[in-house]
file data.pdb (PDB, C-alpha atoms)
ATOM      1  CA  MET A   1      31.051 132.289  84.738
ATOM      2  CA  THR A   2      30.968 133.273  88.416
ATOM      3  CA  LYS A   3      33.750 135.294  90.051
ATOM      4  CA  MET A   4      34.659 132.274  92.171
ATOM      5  CA  SER A   5      35.032 129.857  89.240
ATOM      6  CA  ALA A   6      37.010 132.486  87.266
ATOM      7  CA  ALA A   7      39.381 132.881  90.225
ATOM      8  CA  ASP A   8      39.652 129.092  90.504
ATOM      9  CA  ASP A   9      40.432 128.784  86.785
ATOM     10  CA  ALA A  10      43.126 131.480  87.106
ATOM     11  CA  ARG A  11      44.634 129.628  90.091
ATOM     12  CA  LYS A  12      44.681 126.352  88.109
ATOM     13  CA  THR A  13      46.293 128.043  85.100
ATOM     14  CA  ARG A  14      48.954 129.591  87.364
ATOM     15  CA  LYS A  15      49.606 126.210  88.944
ATOM     16  CA  LEU A  16      49.892 124.504  85.555
ATOM     17  CA  ALA A  17      52.385 127.176  84.431
ATOM     18  CA  ILE A  18      54.473 126.649  87.598
ATOM     19  CA  GLN A  19      54.408 122.848  87.084
ATOM     20  CA  LEU A  20      55.486 123.121  83.441
ATOM     21  CA  LEU A  21      58.183 125.653  84.286
ATOM     22  CA  THR A  22      59.521 123.537  87.167
ATOM     23  CA  GLY A  23      59.573 120.401  85.012
ATOM     24  CA  GLY A  24      61.285 122.275  82.181
ATOM     25  CA  VAL A  25      63.916 123.886  84.411
ATOM     26  CA  PHE A  26      64.542 120.612  86.287
ATOM     27  CA  GLY A  27      64.889 118.621  83.060
ATOM     28  CA  GLY A  28      66.968 121.305  81.364
ATOM     29  CA  VAL A  29      69.435 121.653  84.230
ATOM     30  CA  ALA A  30      69.771 117.868  84.604
ATOM     31  CA  GLY A  31      70.216 117.390  80.857
ATOM     32  CA  PHE A  32      72.808 120.141  80.675
ATOM     33  CA  ALA A  33      74.663 118.731  83.701
ATOM     34  CA  GLY A  34      74.618 115.265  82.133
ATOM     35  CA  MET A  35      75.943 116.531  78.802
ATOM     36  CA  SER A  36      78.752 118.450  80.506
ATOM     37  CA  LEU A  37      79.801 115.382  82.530
ATOM     38  CA  ILE A  38      79.636 112.881  79.697
ATOM     39  CA  ASP A  39      80.697 113.267  76.104
ATOM     40  CA  PRO A  40      77.664 112.032  74.087
ATOM     41  CA  SER A  41      79.883 111.326  71.093
ATOM     42  CA  GLU A  42      81.457 108.462  73.080
ATOM     43  CA  LEU A  43      78.068 106.827  73.645
ATOM     44  CA  ALA A  44      76.036 104.628  71.315
ATOM     45  CA  GLY A  45      72.456 105.639  70.466
ATOM     46  CA  ASP A  46      70.888 102.936  72.642
ATOM     47  CA  GLN A  47      73.003 104.033  75.627
ATOM     48  CA  ILE A  48      71.817 107.640  75.273
ATOM     49  CA  ILE A  49      68.170 106.550  75.000
ATOM     50  CA  LEU A  50      68.358 104.349  78.112
ATOM     51  CA  ALA A  51      70.217 107.042  80.068
ATOM     52  CA  GLY A  52      67.447 109.487  79.039
ATOM     53  CA  VAL A  53      64.699 107.137  80.236
ATOM     54  CA  GLY A  54      66.590 106.620  83.507
ATOM     55  CA  LEU A  55      67.002 110.379  83.911
ATOM     56  CA  ILE A  56      63.238 110.920  83.538
ATOM     57  CA  TYR A  57      62.556 108.329  86.287
ATOM     58  CA  LEU A  58      65.223 109.916  88.480
ATOM     59  CA  LEU A  59      63.958 113.485  88.015
ATOM     60  CA  MET A  60      60.349 112.529  88.644
ATOM     61  CA  GLY A  61      61.359 110.716  91.816
ATOM     62  CA  LEU A  62      63.408 113.695  92.983
ATOM     63  CA  LEU A  63      60.586 116.154  92.236
ATOM     64  CA  VAL A  64      58.077 114.105  94.246
ATOM     65  CA  GLY A  65      60.707 113.678  96.983
ATOM     66  CA  ILE A  66      61.097 117.450  97.260
ATOM     67  CA  GLY A  67      57.302 117.716  97.460
ATOM     68  CA  ILE A  68      57.182 115.231 100.336
ATOM     69  CA  ALA A  69      60.020 116.981 102.172
ATOM     70  CA  SER A  70      58.261 120.336 101.789
ATOM     71  CA  PRO A  71      54.501 119.779 101.328
ATOM     72  CA  ARG A  72      53.904 123.540 100.908
ATOM     73  CA  LEU A  73      56.306 123.662  97.987
ATOM     74  CA  GLY A  74      55.051 120.286  96.773
ATOM     75  CA  SER A  75      51.462 121.504  96.556
ATOM     76  CA  LYS A  76      52.656 124.085  93.994
ATOM     77  CA  VAL A  77      54.696 121.775  91.773
ATOM     78  CA  LEU A  78      52.795 118.477  92.128
ATOM     79  CA  ASN A  79      49.241 117.921  90.945
ATOM     80  CA  LEU A  80      47.708 117.641  94.390
ATOM     81  CA  GLN A  81      45.182 120.056  95.842
ATOM     82  CA  ASP A  82      47.126 121.304  98.847
ATOM     83  CA  ALA A  83      49.890 120.533 101.329
ATOM     84  CA  GLU A  84      47.505 118.527 103.494
ATOM     85  CA  GLU A  85      46.813 116.107 100.629
ATOM     86  CA  ILE A  86      50.540 115.447 100.274
ATOM     87  CA  ILE A  87      50.688 114.618 103.982
ATOM     88  CA  GLU A  88      47.658 112.300 103.571
ATOM     89  CA  GLN A  89      49.364 110.542 100.645
ATOM     90  CA  ARG A  90      52.880 110.662 102.139
ATOM     91  CA  ARG A  91      53.229 106.916 102.633
ATOM     92  CA  ILE A  92      52.393 106.004  99.025
ATOM     93  CA  LEU A  93      54.317 108.956  97.594
ATOM     94  CA  THR A  94      57.416 108.056  99.620
ATOM     95  CA  GLY A  95      57.333 104.502  98.265
ATOM     96  CA  SER A  96      56.955 105.771  94.691
ATOM     97  CA  THR A  97      59.789 108.253  95.172
ATOM     98  CA  ILE A  98      62.226 105.640  96.449
ATOM     99  CA  SER A  99      61.252 103.178  93.686
ATOM    100  CA  MET A 100      61.576 105.775  90.916
ATOM    101  CA  ILE A 101      64.919 107.129  92.117
ATOM    102  CA  ALA A 102      66.324 103.603  92.506
ATOM    103  CA  LEU A 103      65.053 102.448  89.114
ATOM    104  CA  GLY A 104      66.158 105.657  87.394
ATOM    105  CA  ALA A 105      69.651 105.425  88.850
ATOM    106  CA  ALA A 106      69.876 101.704  87.983
ATOM    107  CA  LEU A 107      68.821 102.344  84.369
ATOM    108  CA  MET A 108      71.396 105.113  84.035
ATOM    109  CA  VAL A 109      74.134 102.898  85.481
ATOM    110  CA  LEU A 110      73.096 100.052  83.155
ATOM    111  CA  SER A 111      73.327 102.364  80.146
ATOM    112  CA  PHE A 112      77.036 102.835  80.862
ATOM    113  CA  ALA A 113      77.710  99.213  81.856
ATOM    114  CA  LYS A 114      79.392  97.475  78.988
ATOM    115  CA  THR A 115      82.394  95.234  78.827
ATOM    116  CA  GLY A 116      85.471  97.427  78.781
ATOM    117  CA  SER A 117      83.631 100.554  79.979
ATOM    118  CA  ALA A 118      84.119 102.360  83.311
ATOM    119  CA  VAL A 119      81.067 100.611  84.787
ATOM    120  CA  PRO A 120      81.494  96.798  84.988
ATOM    121  CA  PRO A 121      78.571  94.715  83.647
ATOM    122  CA  THR A 122      78.084  93.079  87.081
ATOM    123  CA  VAL A 123      77.389  96.515  88.607
ATOM    124  CA  GLY A 124      74.887  97.299  85.849
ATOM    125  CA  LEU A 125      72.968  94.038  86.255
ATOM    126  CA  GLY A 126      73.250  94.107  90.064
ATOM    127  CA  GLY A 127      71.784  97.611  90.117
ATOM    128  CA  ILE A 128      68.757  96.530  88.087
ATOM    129  CA  PHE A 129      68.162  93.495  90.339
ATOM    130  CA  ALA A 130      68.465  95.649  93.473
ATOM    131  CA  ALA A 131      66.073  98.304  92.104
ATOM    132  CA  LEU A 132      63.520  95.662  91.072
ATOM    133  CA  LEU A 133      63.737  93.951  94.459
ATOM    134  CA  LEU A 134      63.214  97.300  96.202
ATOM    135  CA  PHE A 135      60.260  98.056  93.914
ATOM    136  CA  VAL A 136      58.619  94.686  94.707
ATOM    137  CA  VAL A 137      59.162  95.039  98.475
ATOM    138  CA  ILE A 138      57.748  98.599  98.512
ATOM    139  CA  SER A 139      54.795  97.650  96.278
ATOM    140  CA  VAL A 140      53.849  94.670  98.463
ATOM    141  CA  ARG A 141      54.211  96.809 101.624
ATOM    142  CA  ASP A 142      52.150  99.721 100.242
ATOM    143  CA  TRP A 143      49.525  97.713  98.339
ATOM    144  CA  LYS A 144      47.126  97.783 101.310
ATOM    145  CA  TYR A 145      47.200 101.611 101.354
ATOM    146  CA  TYR A 146      46.031 101.865  97.736
ATOM    147  CA  ASP A 147      42.382 102.776  97.406
ATOM    148  CA  GLU A 148      40.184 101.327  94.652
ATOM    149  CA  MET A 149      40.939 104.032  92.076
ATOM    150  CA  LEU A 150      44.681 103.679  92.522
ATOM    151  CA  LEU A 151      44.372  99.894  92.159
ATOM    152  CA  GLN A 152      42.302 100.407  89.005
ATOM    153  CA  LEU A 153      44.910 102.849  87.666
ATOM    154  CA  SER A 154      47.656 100.291  88.301
ATOM    155  CA  ARG A 155      45.675  97.622  86.423
ATOM    156  CA  ASP A 156      44.934 100.018  83.535
ATOM    157  CA  ALA A 157      48.589 101.043  83.277
ATOM    158  CA  GLY A 158      49.663  97.376  83.349
ATOM    159  CA  ASN A 159      47.206  96.485  80.567
ATOM    160  CA  LEU A 160      48.258  99.454  78.439
ATOM    161  CA  ALA A 161      51.945  98.696  78.931
ATOM    162  CA  PHE A 162      51.475  95.015  78.081
ATOM    163  CA  CYS A 163      49.482  95.752  74.911
ATOM    164  CA  GLY A 164      51.701  98.654  73.792
ATOM    165  CA  ILE A 165      55.069  97.018  74.431
ATOM    166  CA  GLY A 166      53.826  93.666  73.131
ATOM    167  CA  THR A 167      52.580  95.188  69.877
ATOM    168  CA  ILE A 168      55.834  97.109  69.301
ATOM    169  CA  LEU A 169      57.916  93.985  69.994
ATOM    170  CA  LEU A 170      55.752  91.875  67.682
ATOM    171  CA  VAL A 171      56.077  94.356  64.821
ATOM    172  CA  TRP A 172      59.751  95.114  65.456
ATOM    173  CA  GLY A 173      60.666  91.423  65.787
ATOM    174  CA  SER A 174      58.739  90.540  62.639
ATOM    175  CA  ALA A 175      60.377  93.373  60.700
ATOM    176  CA  ALA A 176      63.819  92.361  61.978
ATOM    177  CA  ALA A 177      63.223  88.678  61.130
ATOM    178  CA  THR A 178      62.315  89.568  57.559
ATOM    179  CA  GLY A 179      65.192  92.001  57.142
ATOM    180  CA  PHE A 180      63.089  95.166  57.030
ATOM    181  CA  ALA A 181      64.598  96.536  60.252
ATOM    182  CA  SER A 182      67.587  95.888  62.444
ATOM    183  CA  ALA A 183      66.942  93.708  65.496
ATOM    184  CA  PRO A 184      66.564  95.550  68.804
ATOM    185  CA  THR A 185      69.715  95.726  70.909
ATOM    186  CA  PRO A 186      69.501  94.594  74.563
ATOM    187  CA  LEU A 187      69.603  98.217  75.762
ATOM    188  CA  GLU A 188      66.821  99.159  73.317
ATOM    189  CA  LEU A 189      64.680  96.370  74.801
ATOM    190  CA  VAL A 190      65.298  97.645  78.338
ATOM    191  CA  SER A 191      64.503 101.220  77.225
ATOM    192  CA  LEU A 192      61.310 100.060  75.525
ATOM    193  CA  VAL A 193      60.053  98.223  78.609
ATOM    194  CA  ALA A 194      61.035 100.932  81.120
ATOM    195  CA  GLY A 195      59.850 103.783  78.898
ATOM    196  CA  GLY A 196      56.688 101.899  77.923
ATOM    197  CA  PHE A 197      55.652 101.417  81.555
ATOM    198  CA  LEU A 198      56.248 105.091  82.309
ATOM    199  CA  LEU A 199      54.218 106.170  79.276
ATOM    200  CA  ALA A 200      51.422 103.751  80.198
ATOM    201  CA  ILE A 201      51.250 105.247  83.705
ATOM    202  CA  PHE A 202      50.980 108.749  82.190
ATOM    203  CA  VAL A 203      48.221 107.671  79.792
ATOM    204  CA  ALA A 204      46.234 105.825  82.501
ATOM    205  CA  THR A 205      46.599 108.796  84.851
ATOM    206  CA  ALA A 206      45.517 111.269  82.164
ATOM    207  CA  ARG A 207      42.499 109.121  81.271
ATOM    208  CA  ALA A 208      41.415 109.239  84.915
ATOM    209  CA  GLY A 209      41.585 113.042  84.742
ATOM    210  CA  LEU A 210      44.414 113.228  87.256
ATOM    211  CA  MET A 211      46.567 115.334  84.945
ATOM    212  CA  MET A 212      44.045 118.159  85.038
ATOM    213  CA  PRO A 213      45.217 121.030  87.253
ATOM    214  CA  ARG A 214      43.569 120.924  90.657
TER
ATOM    215  CA  MET B 215      28.849 108.437  84.592
ATOM    216  CA  GLU B 216      26.935 111.566  85.465
ATOM    217  CA  ASN B 217      26.507 111.946  89.200
ATOM    218  CA  ARG B 218      25.335 114.309  91.920
ATOM    219  CA  LEU B 219      27.996 113.495  94.474
ATOM    220  CA  LYS B 220      29.255 117.088  94.639
ATOM    221  CA  ASP B 221      25.733 118.407  95.352
ATOM    222  CA  TYR B 222      25.179 115.869  98.131
ATOM    223  CA  ARG B 223      28.628 116.554  99.596
ATOM    224  CA  GLU B 224      28.184 120.316  99.567
ATOM    225  CA  ASN B 225      24.695 119.997 101.078
ATOM    226  CA  ALA B 226      26.263 118.006 103.892
ATOM    227  CA  GLY B 227      28.840 120.797 104.320
ATOM    228  CA  TRP B 228      31.798 118.472 103.790
ATOM    229  CA  SER B 229      35.010 119.109 101.911
ATOM    230  CA  GLN B 230      36.333 116.495  99.467
ATOM    231  CA  GLY B 231      38.886 115.558 102.127
ATOM    232  CA  GLU B 232      36.207 115.029 104.770
ATOM    233  CA  LEU B 233      34.120 112.818 102.454
ATOM    234  CA  ALA B 234      37.240 110.876 101.434
ATOM    235  CA  ARG B 235      38.092 110.275 105.097
ATOM    236  CA  ARG B 236      34.567 109.043 105.873
ATOM    237  CA  LEU B 237      34.600 106.668 102.896
ATOM    238  CA  GLY B 238      38.179 105.472 103.390
ATOM    239  CA  VAL B 239      39.409 106.559  99.953
ATOM    240  CA  SER B 240      41.751 109.281  98.711
ATOM    241  CA  ARG B 241      40.716 112.845  97.915
ATOM    242  CA  GLN B 242      41.824 112.190  94.335
ATOM    243  CA  THR B 243      39.191 109.458  94.082
ATOM    244  CA  ILE B 244      36.423 111.791  95.267
ATOM    245  CA  ASN B 245      37.617 114.461  92.838
ATOM    246  CA  ALA B 246      37.721 111.959  89.961
ATOM    247  CA  VAL B 247      34.188 110.721  90.725
ATOM    248  CA  GLU B 248      32.808 114.262  90.998
ATOM    249  CA  THR B 249      34.337 115.243  87.669
ATOM    250  CA  ASP B 250      32.952 112.088  85.962
ATOM    251  CA  LYS B 251      36.434 110.707  85.331
ATOM    252  CA  TYR B 252      36.040 107.617  87.473
ATOM    253  CA  ASP B 253      33.047 105.383  88.141
ATOM    254  CA  PRO B 254      33.273 103.944  91.656
ATOM    255  CA  SER B 255      32.852 100.249  92.365
ATOM    256  CA  LEU B 256      29.432  99.020  93.471
ATOM    257  CA  PRO B 257      30.547  98.670  97.138
ATOM    258  CA  LEU B 258      31.829 102.278  97.162
ATOM    259  CA  ALA B 259      28.672 103.574  95.440
ATOM    260  CA  LEU B 260      26.568 101.763  98.070
ATOM    261  CA  ARG B 261      28.656 103.267 100.875
ATOM    262  CA  MET B 262      28.196 106.745  99.368
ATOM    263  CA  ALA B 263      24.427 106.259  99.171
ATOM    264  CA  LYS B 264      24.342 104.983 102.754
ATOM    265  CA  LEU B 265      26.361 107.970 103.939
ATOM    266  CA  PHE B 266      23.957 110.428 102.311
ATOM    267  CA  SER B 267      20.858 108.372 103.220
ATOM    268  CA  CYS B 268      19.755 108.100  99.612
ATOM    269  CA  ASN B 269      19.592 105.453  96.875
ATOM    270  CA  VAL B 270      22.407 104.788  94.414
ATOM    271  CA  PRO B 271      20.265 105.983  91.441
ATOM    272  CA  ASP B 272      19.784 109.320  93.269
ATOM    273  CA  LEU B 273      23.561 109.773  93.241
ATOM    274  CA  PHE B 274      24.467 108.244  89.885
ATOM    275  CA  ILE B 275      22.383 108.996  86.827
ATOM    276  CA  ASP B 276      22.239 106.398  84.071
ATOM    277  CA  HIS B 277      20.349 107.489  80.950
ATOM    278  CA  TRP B 278      20.098 103.971  79.590
ATOM    279  CA  GLU B 279      16.581 102.816  78.777
ATOM    280  CA  ALA B 280      15.542  99.197  78.295
ATOM    281  CA  GLU B 281      14.287  98.403  74.805
ATOM    282  CA  GLU B 282      10.616  97.542  74.673
ATOM    283  CA  ASN B 283       9.878  94.049  73.319
TER
END
call {"tool": "encode", "arguments": {"input": "data.pdb", "output": "structure tokens"}}
result
Amino acid sequence: MTKMSAADDARKTRKLAIQLLTGGVFGGVAGFAGMSLIDPSELAGDQIILAGVGLIYLLMGLLVGIGIASPRLGSKVLNLQDAEEIIEQRRILTGSTISMIALGAALMVLSFAKTGSAVPPTVGLGGIFAALLLFVVISVRDWKYYDEMLLQLSRDAGNLAFCGIGTILLVWGSAAATGFASAPTPLELVSLVAGGFLLAIFVATARAGLMMPR
Amino acid sequence: MENRLKDYRENAGWSQGELARRLGVSRQTINAVETDKYDPSLPLALRMAKLFSCNVPDLFIDHWEAEEN
């Protein structure tokens, strides 16, 4: 191994450690703040799961948002080569940030929106519609800035999500119909779809090698 | 697919960013191609070959051999 590649490997390892630490601290602080604001014993299991999925979307959006606001800092915590690359990708990253924050917040609001709770059901449903509308508008606007690999990644993630979520629903529905499992609640279905898409994006991104430290 | 894009790029004295700009793709795409994580489309492979004044098989190495009848 040459001195240069050893130094590069050390830099990548350092960067990976910073990314993991930042993600851990960010998630830990947000989780702790959430637990101190809300009493989990008052929430049903499906509400906690959906709020968790929403929180992941929200935190990821915020982390990328911080990276866009400060590309120098962003180049350390996001998996991009340097600050200049963040500036090059700013348009697409900004769209993703807004979409993820909106969807994350809407999912969290929906998790608390039940008849008789502090959040009225109309606010919960309205939030989801608004976030989806925003997502569609941003996606259509930014589509032309996607290069061929990003388009391929989007297609791969869509295929994975469709197959994964579809298979789980088929098995779960069949098991519920035959009395081997309880039927999914509406919030469990929303969690499955939202969480499934997020997982599919991670898997597609990892398969393209974009999770490797750069 | 195995490729020699990095060699051609470095011989030209270009960074990944410079090559990405010339080809109209992102730096991530160049990085993914160079590390064999992503096979570019035929139009992009042709543009790469044109840029380096070589043939596509000089850039991308396919070890497949046709079976003899």
call {"tool": "resolve_selection", "arguments": {"input": "data.pdb", "expression": "the ChimeraX specification (/A :<8) & /B", "output": "list in words"}}
result
Gly238, Val239, Ser240, Arg241, Gln242, Thr243, Ala246, Lys251, Tyr252, Pro254 and Ser255 of chain B
call {"tool": "atom_distance", "arguments": {"input": "data.pdb", "atom1": "atom CA of B:Trp228", "atom2": "atom CA of A:Arg72"}}
result
22.9 Å
call {"tool": "closest_residue", "arguments": {"input": "data.pdb", "among": "B:Ala280, B:Leu265, B:Ile244, B:Ala234", "to": "B:Asn217", "atoms": "all atoms listed in the file"}}
result
B:Ile244
call {"tool": "atom_distance", "arguments": {"input": "data.pdb", "atom1": "atom CA of A:Gly196", "atom2": "atom CA of A:Gly166"}}
result
9.9 Å
call {"tool": "atom_distance", "arguments": {"input": "data.pdb", "atom1": "atom CA of B:Asp221", "atom2": "atom CA of A:Leu153"}}
result
25.9 Å
call {"tool": "resolve_selection", "arguments": {"input": "data.pdb", "expression": "the PyMOL selection byres ((chain A and resi 105-111) around 9)", "output": "PyMOL selection string"}}
result
chain A and resi 46-55+57-58+100-104+112-114+119+121+123-131+187+190-191+194
call {"tool": "resolve_selection", "arguments": {"input": "data.pdb", "expression": "the PyMOL selection byres ((chain B and resi 223) around 10)", "output": "list of chain:residue names"}}
result
B:Arg218, B:Leu219, B:Lys220, B:Asp221, B:Tyr222, B:Glu224, B:Asn225, B:Ala226, B:Gly227, B:Trp228, B:Ser229, B:Gln230, B:Glu232, B:Leu233, B:Glu248, B:Met262, B:Leu265, B:Phe266
call {"tool": "write_last_selection", "arguments": {"input": "data.pdb", "atoms": "C-alpha atoms", "output": "compact mmCIF listing (two decimals), keeping the file's coordinate frame"}}
result
# COMPACT_ATOMS: atom_id res chain seq x y z
CA ARG B 218 25.34 114.31 91.92
CA LEU B 219 28.00 113.50 94.47
CA LYS B 220 29.26 117.09 94.64
CA ASP B 221 25.73 118.41 95.35
CA TYR B 222 25.18 115.87 98.13
CA GLU B 224 28.18 120.32 99.57
CA ASN B 225 24.70 120.00 101.08
CA ALA B 226 26.26 118.01 103.89
CA GLY B 227 28.84 120.80 104.32
CA TRP B 228 31.80 118.47 103.79
CA SER B 229 35.01 119.11 101.91
CA GLN B 230 36.33 116.50 99.47
CA GLU B 232 36.21 115.03 104.77
CA LEU B 233 34.12 112.82 102.45
CA GLU B 248 32.81 114.26 91.00
CA MET B 262 28.20 106.74 99.37
CA LEU B 265 26.36 107.97 103.94
CA PHE B 266 23.96 110.43 102.31
call {"tool": "residues_around", "arguments": {"input": "data.pdb", "residues": "B:Met215", "least_positions_apart": "6", "cutoff": "8 Å", "atoms": "all atoms listed in the file", "output": "list of chain:residue names"}}
result
B:Asp250, B:Lys251, B:Tyr252, B:Asp253, B:Phe274, B:Ile275, B:Asp276
call {"tool": "axis_aligned_box", "arguments": {"input": "data.pdb", "around": "stretch 259-277 of chain B", "padding_each_side": "4 Å", "output": "JSON"}}
result
{"center_x": 24.1, "center_y": 106.1, "center_z": 92.4, "size_x": 17.1, "size_y": 16.7, "size_z": 31.0}
call {"tool": "residues_around", "arguments": {"input": "data.pdb", "residues": "stretch 154-156 of chain A", "least_positions_apart": "3", "cutoff": "8 Å", "atoms": "only C-alpha atoms", "output": "list of chain:residue names"}}
result
A:Leu150, A:Leu151, A:Asn159, A:Leu160, A:Ile201, A:Ala204
call {"tool": "decode", "arguments": {"input": "data.pdb", "residues": "stretch 222-250 of chain B", "atoms": "C-alpha atoms", "output": "PDB file, in the first residue's frame"}}
result
ATOM      1  CA  TYR B 222      -7.785   7.773 -19.039  1.00  0.00           C
ATOM      2  CA  ARG B 223      -8.992  10.586 -16.772  1.00  0.00           C
ATOM      3  CA  GLU B 224      -5.717  10.828 -14.884  1.00  0.00           C
ATOM      4  CA  ASN B 225      -3.738  10.737 -18.145  1.00  0.00           C
ATOM      5  CA  ALA B 226      -5.811  13.686 -19.307  1.00  0.00           C
ATOM      6  CA  GLY B 227      -4.983  15.457 -16.021  1.00  0.00           C
ATOM      7  CA  TRP B 228      -8.634  15.904 -15.066  1.00  0.00           C
ATOM      8  CA  SER B 229     -10.254  15.586 -11.672  1.00  0.00           C
ATOM      9  CA  GLN B 230     -13.489  13.600 -11.287  1.00  0.00           C
ATOM     10  CA  GLY B 231     -15.304  16.936 -11.074  1.00  0.00           C
ATOM     11  CA  GLU B 232     -13.786  18.176 -14.331  1.00  0.00           C
ATOM     12  CA  LEU B 233     -14.717  14.963 -16.183  1.00  0.00           C
ATOM     13  CA  ALA B 234     -18.228  15.079 -14.695  1.00  0.00           C
ATOM     14  CA  ARG B 235     -18.642  18.671 -15.892  1.00  0.00           C
ATOM     15  CA  ARG B 236     -17.488  17.791 -19.419  1.00  0.00           C
ATOM     16  CA  LEU B 237     -19.870  14.824 -19.599  1.00  0.00           C
ATOM     17  CA  GLY B 238     -22.813  16.586 -17.952  1.00  0.00           C
ATOM     18  CA  VAL B 239     -23.171  14.106 -15.085  1.00  0.00           C
ATOM     19  CA  SER B 240     -22.518  14.260 -11.345  1.00  0.00           C
ATOM     20  CA  ARG B 241     -19.179  13.543  -9.688  1.00  0.00           C
ATOM     21  CA  GLN B 242     -20.888  10.675  -7.865  1.00  0.00           C
ATOM     22  CA  THR B 243     -21.609   9.047 -11.224  1.00  0.00           C
ATOM     23  CA  ILE B 244     -17.962   9.272 -12.300  1.00  0.00           C
ATOM     24  CA  ASN B 245     -16.873   7.878  -8.934  1.00  0.00           C
ATOM     25  CA  ALA B 246     -19.382   5.016  -9.178  1.00  0.00           C
ATOM     26  CA  VAL B 247     -18.231   4.121 -12.710  1.00  0.00           C
ATOM     27  CA  GLU B 248     -14.549   4.229 -11.735  1.00  0.00           C
ATOM     28  CA  THR B 249     -15.147   1.955  -8.759  1.00  0.00           C
ATOM     29  CA  ASP B 250     -17.147  -0.531 -10.904  1.00  0.00           C
TER      30      ASP B 250
END
